[in-house]
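> Structure incoming, see below.
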Amino acid sequence: MTRAILRAIQDDITTLSVDAIVNAANSTLLGGGGVDGAIHRAAGPDLLRECRKLNGCEPGDARITGGYRLPARRVIHAVGPVWHGGGKGEPAILASCYRKSMALAAVENLRSIAFPCISTGVCGYPVELAAQVAIDTVRAAIAKPSSIGEVVFCCFSPFDLAIYEARLARFKSVPPP
Ligand code: AR6
């Protein structure tokens, strides 16, 4: 089995034709602002209808639904931590979001998955620290054989993209753990 490709792009995640996009949701799973609002608007009301049946989700955990009107077939809703300075378990909760999302995608036999920069908007997680957690956790996940062949870090700003690209470049010649 070939190892998954990791790459960072700057784009609107709602436009990506991947097997699953990840939503930076809140624990109600009933929508909100930022990327969550954009995903619900693009997917249409059937997404909210399915989310209502899930009865919420704890921070650090994730749930999977259909993609409805999105080009992505599925949406994985991950609930990231609110940043309180880093001493309240934020890195572990954020890492768990990436791990659980990757695990759900693998269980569903998905081949491609795109993540937004979870928790770095309204939740206030510093992008540089969040990118470190995101990339390190995904690299550890793809070290195990699975269906996933491509992981996209979908950044909304050129600033975020530069941070992701710098960290990914560090690992170009280094094998995952
Ligand atoms: N495509 C890709 N990235 C996006 C898009 C988009 N269309 N829109 C925003 N981003 P945020 P959080 C980026 O605030 O911090 C919601 O109300 C954005 O620039 O969406 O995890 C939920 O319901 C930032 O880099 O999510 C929760 O209550 C990243 O997505 C809460 O916000 C995350 O920003 C979650 O907060």
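Labels used: A, B, ... for chains in the order of the structure tokens, numbers from 1 for residues in each chain, and numbers from 1 for ligands as shown.
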List as a list of chain:residue names the protein and nucleic acid residues near range 133-148 of chain A, meaning an atom at most 6 Å away when only C-alpha atoms are counted, but skip any in the same chain fewer than 2 places from it.

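The residues that qualify are A:Ala95, A:Ala106, A:Asn109, A:Leu110, A:Arg111, A:Ser112, A:Ala130, A:Ala131, A:Glu150, A:Pro176.
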
> Got a sec to check which residues lie within 6 Å of ligand 1, using only C-alpha atoms and all ligand atoms, and send them as a list in words?

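Within the 6 Å cut-off, the matching residues are Asp12, Ile13, Thr14, Ala24, Ala25, Asn26, Gly31, Gly32, Gly33, Gly34, Val35, Asp36, Ala38, Gly80, Pro116, Cys117, Ile118, Ser119, Thr120, Gly121, Val122, Cys123, Gly124, Cys154, Cys155 and Phe156 of chain A.
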
> If we count only C-alpha atoms and set the cut-off at 9 Å, which residues sit around Val151 in chain A, ignoring sequence neighbours fewer than 2 positions away in its own chain? Please answer as a list in words.

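Result of the neighbour search: Ala4, Ile5, Leu6, Arg7, Ala8, Arg111, Ser112, Ile113, Ala114, Phe115, Val138, Ile148, Gly149 and Phe153 of chain A.
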
> With only C-alpha atoms as the basis for distance, which of A:Leu16, A:Leu129, A:Val22, A:Ile39 is at the shortest distance from Pro91 in chain A?

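Looking only at the distances to Pro91 in chain A, the closest residue turns out to be A:Leu129.
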
> Mind listing the strand (DSSP E) residues of range 49-134 of chain A, per DSSP on the backbone, as a compact mmCIF listing (two decimals) with C-alpha atoms, in the first residue's frame?


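As a result, states-v8.txt now contains:
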```
# COMPACT_ATOMS: atom_id res chain seq x y z
CA ALA A 62 -16.19 13.45 15.19
CA ARG A 63 -19.28 12.24 13.31
CA ILE A 64 -19.87 11.53 9.63
CA THR A 65 -22.82 12.52 7.43
CA GLY A 66 -23.66 12.78 3.75
CA ARG A 74 -19.32 13.00 2.91
CA VAL A 75 -18.84 15.54 5.70
CA ILE A 76 -16.94 14.64 8.86
CA HIS A 77 -17.95 16.97 11.67
CA ALA A 78 -15.14 17.39 14.21
CA VAL A 79 -15.50 19.49 17.36
CA SER A 112 -9.36 11.50 -0.04
CA ILE A 113 -10.07 13.86 2.84
CA ALA A 114 -9.70 17.63 3.25
CA PHE A 115 -9.33 19.43 6.58
```

> Which one of A:Gln132, A:Ser17, A:Ile9, A:Ser157 sits closest to Phe171 in chain A if you count only C-alpha atoms?

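Ranking A:Gln132, A:Ser17, A:Ile9, A:Ser157 by distance to Phe171 in chain A, first place goes to A:Gln132.
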
> Determine the nearest neighbour of Ala42 in chain A from the options A:Pro126, A:Gly87, A:Pro158, A:Pro71, counting only C-alpha atoms.

A:Pro71

> Using backbone DSSP assignments, extract all helix (DSSP H, G or I) residues from range 17-169 of chain A; output them as an MDAnalysis selection string.

chainID A and resid 34:43 45:52 90:107 127:142 158:169

> Taking only C-alpha atoms into account, which of A:Leu30, A:Leu161, A:Met102, A:Ala20 comes nearest Asp61 in chain A?

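When distances to Asp61 in chain A are compared using only C-alpha atoms, the smallest one comes from A:Met102.
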
> So that I can see what lies close to Asn55 in chain A, please list as a PyMOL selection string the residues with an atom at most 8 Å from it, counting only C-alpha atoms and leaving out residues fewer than 2 positions away in the same chain.

chain A and resi 28-29+51-53+57

> Please compute the CA of Asp11 in chain A-CA of His84 in chain A distance, one decimal, in Å.

28.0 Å
